[in-house]
Structure formats: C-alpha cells, structure tokens
Amino acid sequence: MRRAAKNTLRFLRRFWRGLREWCGDAAYESYLRSQGTQSGSGRTLTPAEFYVEQLNRRYSRPSRCC
Amino acid sequence: MKRVFFIVVWLGVALLGAGAFGKIAFDRGEPLNATWFVVAAVCCYLVAYRLYSAFVAAKVLALDDTRATPSERHDDGRDFVPTNKWVLFGHHFAAIAGPGPLVGPTLAAQFGYLPGTLWLIAGAAFAGCVQDFVILFCSIRRDGKSLGQMAREEVSERGGFIAQLAVLAIMTILLAVVGLVVVNALKSSPWATFTLAMTIPIALLLGLYLRFVRPGRVLEASVMGVALVLFVVVAGQWVADSQSWSRVFTLRGVALAFAIIVYGFAASALPVWLLLAPRDYLSAFIKAGAIFTLAAGILFVRPQVLMPPLTRFIDGTGPVFAGKIFPFCFITIACGAISGFHSLISSGTTPKMILRESHARFIGYGAMLLESFVGVMAMVAACAMPPGIYFAINSPPSIVGGAGDAAATTISGWGYPLRAQTMSDLAHRVGELTLWNRAGGAPSLAVGMAQIFSSTIGGERLLSIWYHFAIMFEALFILTVLDAGTRVGRFMVQDLGGRVWKPLGRTGGMPGILLSSAIIVALWGYFLYQGVVDPLGGINSLWPLFGISNQLLAAVALVVATTILMKMGRLRWIWVTLLPMAWLVVITMTASYQKIFDANPRIGFLAYANALAAQIASGKIPAEKIAETQRLIFNQRLDAAVTGVLAAMILVLIVEALAQWYSILSRRKEPELHESPYVATRWAADFSGAAHGDD
C-alpha cells in the first residue's frame, strides 16, 4: 500500500515536472542548468529578459502547423 | 517462449485490426458503430509503429544512440535543450497538430466515410509518419538544419531556393484558407464572434502578466486564461440574447475577413509577448483538452456513423467541393495523412531538443500517428450526423439553391432526406441563427462534437454551450496558426526582400517590420477576400489549392530524404521514401492539371473564368455586376497561375534531384553527405533529460 502511494506520488511529481517543461513554465530553470550558462561564457539573463528573448526566437520560425 | 508470446500478441492485434477494417469496408447493413473505427485505427497504428517504424529505424536509418545529438553538443538552454522524450513528444505534437486534420477529413466526408478513413490510416503509416521521422533524423544528423538548408546542401542550390519559395507559397495559401474557415464559422453568429473576439483582450491581459508581473510563469497564467475563455463561451449566450449587443457582433463574411486581416497584421507587428505568445499558450491547453475530450467522448458515447461508406459524389459532382475521389480525396485530407508543413517542424525546433537518435522514432513517427487519429475522430464526428444535415451545412447556396425548403428539396433529391424544419430546429438548439451554407468544415465538426460532448455531459441542455465551445476551440487554434504563420511569413518576406532592398531586411527596424507585415498580410488577405466573395464558396477553390501546395511541400521533403538515403548508401531501402514521394507527385500533378484545365467550371479555374467571360459576352450579367464578375475572372486565372507555378516548382526540383541521383548511381560524382561529424555521447543510457536533475 505504502509502495503504491509512493509510486503514485513519484508519477504525479514526474507528470507535474513534464507539464511544466511542456508548457514552458520551467524554461528558465532549464536555461540556468544548461551547459552554456554553467560555463559562464556570457552574461546570465534575468527571467524577464530570457522570457522575451525565448519568445522572439521561437516565433521567428515555423512553430505551429496546419 | 517470449518470442512465441510476442508473435501471438501482435498477430492478435493485426487480426483484430483487419477484422475491424473488414467491418468498416464491407458492412452495408445497419449504421456502423464508431468503435469499429477506433479499433481499426488503433490496431493499425500499433502494428505500424511496432513493425514498420522499427524496420525504418533499424534498417533504413540505422539510428545510433552512441552518437551525441545536437542538444548534447550545443546545450545552451535556449535553442538546444536536452528534453525528456515524453515532453518533446508533447511539444512536437502540439506544433504539428493544427486545424488541417480536423477540417480536411470533415470536408472529405462528402465521399462517404470509407475513402477518407482508409487514406488517413494507410497514408499516415506509410507516408506521413515516414516523412516526419526521416526528416527529423536527417536534421538531427545536421545540427538541426532546416529543410531549405538541407535541400540546398544535399540536392542543389536551386533546390533550396525552391523549398524556400514553396514554404512561402504554402504559408500564403494556408493562412488564407484557415482564415476562410474562421469566417464561415463566425458568419452571422454573434455568440461565436463575441467569444472569439474576447480571447484577444484575455490574451493581452496574460501577455502583460507574463511580461511584467510574473515573467515566464506560463502555467498559472494559462490556468487563469483558460478559466476566462470558458467564462466568455458561456457569456456569449447573454450577448446573443441581447438585441443591441447581438447586432454589434453579427457580422457578414467580408467584415469578418477584414477583421481577421487587421488582427493578422497586429499580431505580426506587435511585440510577440503581448498578443501572439499568450494566445498560443491558451490555444495549446484548450487544443489538448478538446482533443482528449473528443476521444473520450467517442469511446464513451460510441455514436452510430450515419454517413454511407461511399456517397454518390465519388463521381466528382460533390457539393462541398468538386472533383473525383482520385485525386481530390487525398488532396483534401492532406495533414491528417501527410503534411509537408510537418517537415518544417521536424527540421526546426524538435531536432535541437532531442536527447537520443532512437527517440526520433517515437517522436517523429509516433506524433504523426496521433495526428492521424485526430483525423479519424474528426471523420467520425462528421459522419455521425445525418448526411442531409452534413450537406446542408457544408454546401454553398449556389449549389443547393439557397436555404430553407428549396435547399432541403435539393438535398433530399440526392438521396439524403432532410426537412427545412430540421435545420431550423438544430440551429435553434445550438444557439445559432442559421446553419445553412456554412461551408468550411468547422460548423459541421462543431455540431458533431457538440452532439458527442452533450451525450456525455449535460445532455440537450448544454448542446449550445458545447457547440460554441467547439467553435471557439477550432477558431482559437486556427487564429494561432494564422498569427504565428503571419509572423514567420513576415520574416521570410524580410529575408527574401532584404536581398533587393536592405531596409526591408532589418528585423529590428519598425519600417521593415510594418512593410513586411503588410506584404504578407496583403498576400494571404487577398486570397481570403477572394474566397469570401466567391459565389461557389471559397472552400471549393481554396482548400484544393491549399492541399496541393501542402502535398507539394511534402514531396519536396521526400525528395530531400530520398537523396540523403541514396548518399548514405541505403539504395536497397530508398523505396521507403521514394514510393510515397512518387505517389504525392502523381496526385498533386493530376490535381494541379485538373484544377487548371478541367472543362467542368466547378473544377477547372480556367473553365470557370471562360464560363463567366462567356456570360458577360452574351449579356447575361447585369451591368452593375460586370466589374464584380471581371474580378472573379481575374481571381480564377490567378488561381490557375498559382497552381501552375507550384507544379512547375516541384517539377524543377525533381529534375534537379534526378540529375543528382543519376550522378550518384553512375558513380560520376562521389556522394557528399553534409552530416555533422560523429561525436560519442557522454550521457549514461538511462539519462532522461537535463531538466530532470535527479535522473
């Protein structure tokens, strides 16, 4: 019983994380964790800067299909 | 023992699928239950995924998980982000699933349920999924390069240029036709127009919240946005019931077309965070929710399919659009079976986020199977209503003789009994003024979806709410395609135009942004306007044109894929991409020829233009209508020219590819592959994504 509850909790945690990644909610956290940022080769963007920069990039190429 | 069990299970799935297919194809008795469609489709998808995609992955592409993918080598947290395969599957599916697989099958239902269903399933398994999968693989091996770049490097310079032009052409036609679908869905419907109009201030509100209050907190903003959108769906009823407000939101086709054109321009020129992105978030959540609800609804309600397997319109005299099953069923289904546009996504964001090469099979092949399933569900929803109602909603007035008793008599004469009163009652029940002549697929799909949803939750009482929810869902994500497409089109115009006049190419400068936005909006806006004023119903001419351009782009992608396989030395397996490519070339060339030269004015653009010119010459057109008729003649000739140019582009590309193939096969030239060099992965086999820090 306890094991089932633990598994369910783990599944829900993973689902929540997946949902946040899917919708872009966790994009800034991924950015901070990325090798490019970790290497410290450039200035780390603030959440607001990153958000706008990421949107500009995403919507300058085909991102939604027919 | 395990092997025997495996064989028995898969044999069972295959036999179940074959049995369900047999039932769909050969049953001619009582109306079929929709469950047969679901079983046939799911079993075929399982077998195709387990066997065919595994064969393509192992033998044709030889996927290599020891090789580092672009997301590992260039991990920058921006473009190149190592992403869990389930999350990336969701991303990829959200990007490829647009209105096409909903609208195409709904329109193709005029041939009956059988041809469309067969092509949706077989076309996806052997063509659409293969295209998405192979192009994704090719792009992964080239650091996420786009289709145009790959065409330039692997086929020829000219090939790349043609691919770029083809993308711009398909974008223009696509935006016009999806705009037309929205116009026909909102025409004379204050409830639907109000609901959709309100999504704009809601998106602006979310945009400001995400930019200034809680930057990047997409989930919480989307929850608020979805709640507000659901509220305005209900509030639309109050607007429709109010005499004064209902007048404000009751718009005719031309007014709606101009409103959409202005919206497209604003979305392209305004900062992306303000309107476009928040709308996209809303659309993504509502799209996912509505698609899963529809699937659950079909399984729960198990509606009867009332449309016959084949209708009398297989002879090409269909009221929704003219043309025989071959090639028009394939052209019309388009995205539900194979979509050229997907190759842009498969060579865009997805290859830069994929963790391992083997995930390309699940994401590329699997997501397209799911899209095909969406198409099958749309087919079921359209065919679950009485055929008379389906034809009443989707036929233009010039074909059925307007609305009311005359139209009901025409449709009944085709063998699909209908009373005018039935249509009035249905319109009243869904909260519309009328449902006659609403070609475009969206209203009939919304009626089908509303009937399925209301049978699950709320019953008859909620039918009108569900209908307007379905219309809002379709229109919302169509407009998302429209605004995102307009913006991408703007960049393309700037890229091409910047070579001629430098200031146009400056993506940061306001004059360049405004001018290029105006150019792309004028391009698709013209075709949209033309569709709205077309007496035959614009869908008759614009949807086939969209289908042709979309399938041509798919042919371009498969030409590139075949060339790459040849260069990789996989000659033995090139039929995997060569056969679907040849099939697409045959159907698009036949459709292009018929759309230009067919003697039937409902099919051939030139025949229609000549028929109109003859009417002017014989004095049958009143003086005040002559200018309008001349404009129609010009439009038909323009459509013929556009179709001819699209067909010529693919012919040039094929000649280029044939020359390339000949030099490879005759060993005149050493095949030069432009793959990135092999780098071994440093990730452990069970690593499942950078964001999952604990993996």
# chains A, B, ... in the order shown; residues from 1 in each chain; ligands from 1

call {"tool": "interface_residues", "arguments": {"of": "chain A", "to": "chain B", "cutoff": "9 Å", "atoms": "only C-alpha atoms", "output": "compact mmCIF listing (two decimals) with N, CA and C atoms, in the first residue's frame"}}
result
# COMPACT_ATOMS: atom_id res chain seq x y z
N ARG A 14 6.55 13.48 -11.46
CA ARG A 14 7.11 13.46 -12.82
C ARG A 14 6.15 14.13 -13.81
N ARG A 17 6.33 17.84 -13.38
CA ARG A 17 7.56 18.36 -13.97
C ARG A 17 7.47 18.38 -15.50
N GLY A 18 6.91 17.28 -16.06
CA GLY A 18 6.75 17.17 -17.50
C GLY A 18 5.82 18.27 -18.03
N LEU A 19 4.72 18.49 -17.28
CA LEU A 19 3.75 19.52 -17.69
C LEU A 19 4.42 20.90 -17.70
N ARG A 20 5.20 21.18 -16.67
CA ARG A 20 5.88 22.49 -16.58
C ARG A 20 6.88 22.65 -17.72
N GLU A 21 7.56 21.56 -18.04
CA GLU A 21 8.52 21.63 -19.15
C GLU A 21 7.79 21.81 -20.47
N TRP A 22 6.68 21.07 -20.64
CA TRP A 22 5.94 21.09 -21.90
C TRP A 22 5.41 22.49 -22.21
N CYS A 23 4.85 23.14 -21.17
CA CYS A 23 4.22 24.44 -21.45
C CYS A 23 5.22 25.61 -21.38
N GLY A 24 6.44 25.34 -20.99
CA GLY A 24 7.44 26.41 -20.99
C GLY A 24 7.64 27.04 -19.63
N ASP A 25 6.89 26.56 -18.63
CA ASP A 25 6.98 27.12 -17.29
C ASP A 25 8.38 26.94 -16.68
N ALA A 26 9.02 25.82 -17.07
CA ALA A 26 10.32 25.52 -16.47
C ALA A 26 11.49 25.91 -17.38
N ALA A 27 11.19 26.71 -18.42
CA ALA A 27 12.23 27.01 -19.41
C ALA A 27 13.41 27.76 -18.78
N TYR A 28 13.10 28.69 -17.87
CA TYR A 28 14.19 29.49 -17.28
C TYR A 28 15.08 28.61 -16.40
N GLU A 29 14.44 27.69 -15.69
CA GLU A 29 15.23 26.78 -14.84
C GLU A 29 16.15 25.92 -15.71
N SER A 30 15.64 25.44 -16.84
CA SER A 30 16.48 24.65 -17.76
C SER A 30 17.64 25.49 -18.27
N TYR A 31 17.32 26.74 -18.57
CA TYR A 31 18.36 27.65 -19.08
C TYR A 31 19.48 27.81 -18.05
N LEU A 32 19.09 28.02 -16.78
CA LEU A 32 20.11 28.19 -15.73
C LEU A 32 20.96 26.93 -15.56
N ARG A 33 20.33 25.77 -15.80
CA ARG A 33 21.05 24.50 -15.63
C ARG A 33 21.89 24.12 -16.85
N SER A 34 21.66 24.80 -17.99
CA SER A 34 22.32 24.37 -19.23
C SER A 34 23.83 24.58 -19.16
N GLN A 35 24.52 23.79 -19.98
CA GLN A 35 25.99 23.89 -20.02
C GLN A 35 26.45 25.28 -20.40
N GLY A 36 25.73 25.87 -21.38
CA GLY A 36 26.11 27.20 -21.87
C GLY A 36 26.12 28.22 -20.74
N THR A 37 25.10 28.16 -19.87
CA THR A 37 25.02 29.11 -18.76
C THR A 37 26.03 28.75 -17.68
N PRO A 47 15.01 36.53 -15.57
CA PRO A 47 13.83 35.80 -16.05
C PRO A 47 13.06 36.58 -17.12
N ALA A 48 12.90 37.89 -16.92
CA ALA A 48 12.13 38.69 -17.88
C ALA A 48 12.86 38.76 -19.23
N GLU A 49 14.17 38.97 -19.18
CA GLU A 49 14.95 39.04 -20.43
C GLU A 49 14.89 37.70 -21.17
N PHE A 50 15.06 36.63 -20.40
CA PHE A 50 15.06 35.32 -21.01
C PHE A 50 13.70 35.03 -21.66
N TYR A 51 12.63 35.40 -20.96
CA TYR A 51 11.28 35.13 -21.46
C TYR A 51 11.07 35.79 -22.82
N VAL A 52 11.42 37.08 -22.92
CA VAL A 52 11.19 37.81 -24.17
C VAL A 52 12.11 37.27 -25.27
N GLU A 53 13.36 37.02 -24.91
CA GLU A 53 14.32 36.53 -25.91
C GLU A 53 13.88 35.18 -26.48
N GLN A 54 13.39 34.32 -25.57
CA GLN A 54 12.97 32.98 -25.97
C GLN A 54 11.75 33.06 -26.90
N LEU A 55 10.81 33.97 -26.59
CA LEU A 55 9.62 34.10 -27.43
C LEU A 55 9.99 34.63 -28.81
N ASN A 56 10.86 35.64 -28.83
CA ASN A 56 11.27 36.21 -30.12
C ASN A 56 11.89 35.14 -31.00
N ARG A 57 12.69 34.28 -30.38
CA ARG A 57 13.36 33.24 -31.16
C ARG A 57 12.35 32.21 -31.66
N ARG A 58 11.47 31.77 -30.74
CA ARG A 58 10.53 30.70 -31.08
C ARG A 58 9.59 31.11 -32.21
N TYR A 59 9.12 32.36 -32.17
CA TYR A 59 8.12 32.78 -33.16
C TYR A 59 8.73 33.42 -34.40
N SER A 60 10.03 33.20 -34.63
CA SER A 60 10.60 33.69 -35.88
C SER A 60 10.82 32.53 -36.85
N ARG A 61 10.38 31.34 -36.49
CA ARG A 61 10.46 30.18 -37.39
C ARG A 61 9.15 29.38 -37.24
N PRO A 62 8.87 28.52 -38.22
CA PRO A 62 7.58 27.81 -38.13
C PRO A 62 7.46 27.03 -36.82
N SER A 63 6.48 27.39 -36.02
CA SER A 63 6.31 26.71 -34.74
C SER A 63 4.92 26.13 -34.59
N ARG A 64 4.03 26.50 -35.48
CA ARG A 64 2.67 25.96 -35.45
C ARG A 64 2.30 25.53 -36.85
N CYS A 65 1.71 24.35 -36.92
CA CYS A 65 1.49 23.75 -38.23
C CYS A 65 0.01 23.82 -38.61
N CYS A 66 -0.27 23.41 -39.84
CA CYS A 66 -1.65 23.43 -40.31
C CYS A 66 -2.34 22.12 -39.93

call {"tool": "select_by_dssp", "arguments": {"residues": "stretch 286-319 of chain B", "states": "helix (DSSP H, G or I)", "output": "MDAnalysis selection string"}}
result
chainID B and resid 286:301 312:315

call {"tool": "residues_around", "arguments": {"residues": "B:Pro443", "least_positions_apart": "3", "cutoff": "8 Å", "atoms": "only C-alpha atoms", "output": "PyMOL selection string"}}
result
chain B and resi 184-185+393+435+438-440+446-447+471

call {"tool": "write_last_selection", "arguments": {"atoms": "N, CA and C atoms", "output": "PDB file, in the first residue's frame"}}
result
ATOM      1  N   ASN B 184     -16.283  31.515 -42.109  1.00  0.00           N
ATOM      2  CA  ASN B 184     -17.517  30.745 -42.291  1.00  0.00           C
ATOM      3  C   ASN B 184     -18.074  30.224 -40.968  1.00  0.00           C
ATOM      4  N   ALA B 185     -17.192  30.048 -39.977  1.00  0.00           N
ATOM      5  CA  ALA B 185     -17.663  29.584 -38.673  1.00  0.00           C
ATOM      6  C   ALA B 185     -18.320  30.716 -37.881  1.00  0.00           C
ATOM      7  N   ILE B 393     -25.168  21.917 -44.141  1.00  0.00           N
ATOM      8  CA  ILE B 393     -24.225  22.848 -43.504  1.00  0.00           C
ATOM      9  C   ILE B 393     -23.078  23.189 -44.460  1.00  0.00           C
ATOM     10  N   LEU B 435     -27.815  27.416 -39.784  1.00  0.00           N
ATOM     11  CA  LEU B 435     -26.674  26.531 -40.036  1.00  0.00           C
ATOM     12  C   LEU B 435     -26.574  26.195 -41.523  1.00  0.00           C
ATOM     13  N   ARG B 438     -22.778  26.790 -44.408  1.00  0.00           N
ATOM     14  CA  ARG B 438     -21.644  27.210 -43.573  1.00  0.00           C
ATOM     15  C   ARG B 438     -20.427  26.368 -43.952  1.00  0.00           C
ATOM     16  N   ALA B 439     -20.115  26.375 -45.258  1.00  0.00           N
ATOM     17  CA  ALA B 439     -19.005  25.551 -45.759  1.00  0.00           C
ATOM     18  C   ALA B 439     -17.708  25.892 -45.039  1.00  0.00           C
ATOM     19  N   GLY B 440     -16.831  24.932 -44.943  1.00  0.00           N
ATOM     20  CA  GLY B 440     -15.545  25.194 -44.297  1.00  0.00           C
ATOM     21  C   GLY B 440     -15.195  24.109 -43.300  1.00  0.00           C
ATOM     22  N   ALA B 446     -18.249  21.126 -35.425  1.00  0.00           N
ATOM     23  CA  ALA B 446     -18.697  21.585 -34.106  1.00  0.00           C
ATOM     24  C   ALA B 446     -20.040  20.949 -33.742  1.00  0.00           C
ATOM     25  N   VAL B 447     -20.940  20.803 -34.737  1.00  0.00           N
ATOM     26  CA  VAL B 447     -22.226  20.134 -34.463  1.00  0.00           C
ATOM     27  C   VAL B 447     -21.961  18.689 -34.034  1.00  0.00           C
ATOM     28  N   ILE B 471     -16.653  25.550 -31.499  1.00  0.00           N
ATOM     29  CA  ILE B 471     -16.318  26.605 -32.473  1.00  0.00           C
ATOM     30  C   ILE B 471     -15.154  27.443 -31.939  1.00  0.00           C
TER      31      ILE B 471
END

call {"tool": "atom_distance", "arguments": {"atom1": "atom CA of B:Ser358", "atom2": "atom CA of B:Gly159"}}
result
28.8 Å

call {"tool": "atom_distance", "arguments": {"atom1": "atom CA of B:Leu606", "atom2": "atom CA of B:Val400"}}
result
23.3 Å

call {"tool": "atom_distance", "arguments": {"atom1": "atom CA of B:Met1", "atom2": "atom CA of B:Ser53"}}
result
24.4 Å

call {"tool": "residues_around", "arguments": {"residues": "B:Asp639", "least_positions_apart": "4", "cutoff": "9 Å", "atoms": "only C-alpha atoms", "output": "PyMOL selection string"}}
result
chain B and resi 541-542+545+595-596+605-606+634-635+643-644

call {"tool": "residues_around", "arguments": {"residues": "stretch 418-424 of chain B", "least_positions_apart": "4", "cutoff": "7 Å", "atoms": "only C-alpha atoms", "output": "list in words"}}
result
Gly388, Ile389, Gly404, Asp405, Ala408, Ile411, Ser412, His428, Thr434 and Leu435 of chain B

call {"tool": "residues_around", "arguments": {"residues": "B:Val374", "least_positions_apart": "5", "cutoff": "12 Å", "atoms": "only C-alpha atoms", "output": "CSV table (one decimal) with C-alpha atoms, in the first residue's frame"}}
result
chain,number,residue,atom,x,y,z
B,37,PHE,CA,-13.2,3.0,-36.5
B,38,VAL,CA,-11.3,3.4,-33.2
B,41,ALA,CA,-7.2,2.7,-36.4
B,42,VAL,CA,-5.6,1.9,-33.1
B,93,PHE,CA,2.5,17.0,-31.3
B,96,ILE,CA,2.2,19.7,-35.8
B,97,ALA,CA,-1.5,19.3,-34.8
B,98,GLY,CA,-3.4,22.2,-36.4
B,99,PRO,CA,-6.8,22.6,-38.0
B,100,GLY,CA,-5.9,20.5,-41.0
B,101,PRO,CA,-6.6,17.1,-39.6
B,102,LEU,CA,-10.0,18.3,-38.3
B,103,VAL,CA,-11.2,20.3,-41.3
B,104,GLY,CA,-9.8,18.0,-44.1
B,105,PRO,CA,-11.5,14.8,-43.1
B,106,THR,CA,-14.7,16.7,-42.4
B,117,THR,CA,-10.7,6.7,-43.3
B,120,LEU,CA,-6.0,8.7,-43.1
B,121,ILE,CA,-4.7,5.4,-41.7
B,124,ALA,CA,-0.1,8.2,-42.2
B,287,LYS,CA,-6.4,22.1,-28.0
B,288,ALA,CA,-5.0,19.3,-25.9
B,290,ALA,CA,-10.6,19.3,-26.5
B,291,ILE,CA,-8.8,16.5,-28.5
B,292,PHE,CA,-8.6,14.2,-25.4
B,293,THR,CA,-12.3,15.0,-24.5
B,294,LEU,CA,-13.4,14.2,-28.1
B,295,ALA,CA,-11.5,10.9,-28.0
B,296,ALA,CA,-13.0,10.1,-24.6
B,298,ILE,CA,-16.3,8.9,-28.9
B,333,ILE,CA,-7.4,15.0,-46.3
B,335,CYS,CA,-2.5,17.0,-43.0
B,336,GLY,CA,-4.3,14.0,-41.4
B,337,ALA,CA,-2.3,11.6,-43.6
B,367,ALA,CA,3.3,12.0,-33.1
B,368,MET,CA,2.1,11.7,-36.7
B,369,LEU,CA,0.2,8.6,-35.8
B,379,MET,CA,-14.2,11.9,-39.7
B,380,VAL,CA,-16.3,10.0,-37.1
B,381,ALA,CA,-17.7,13.3,-35.7
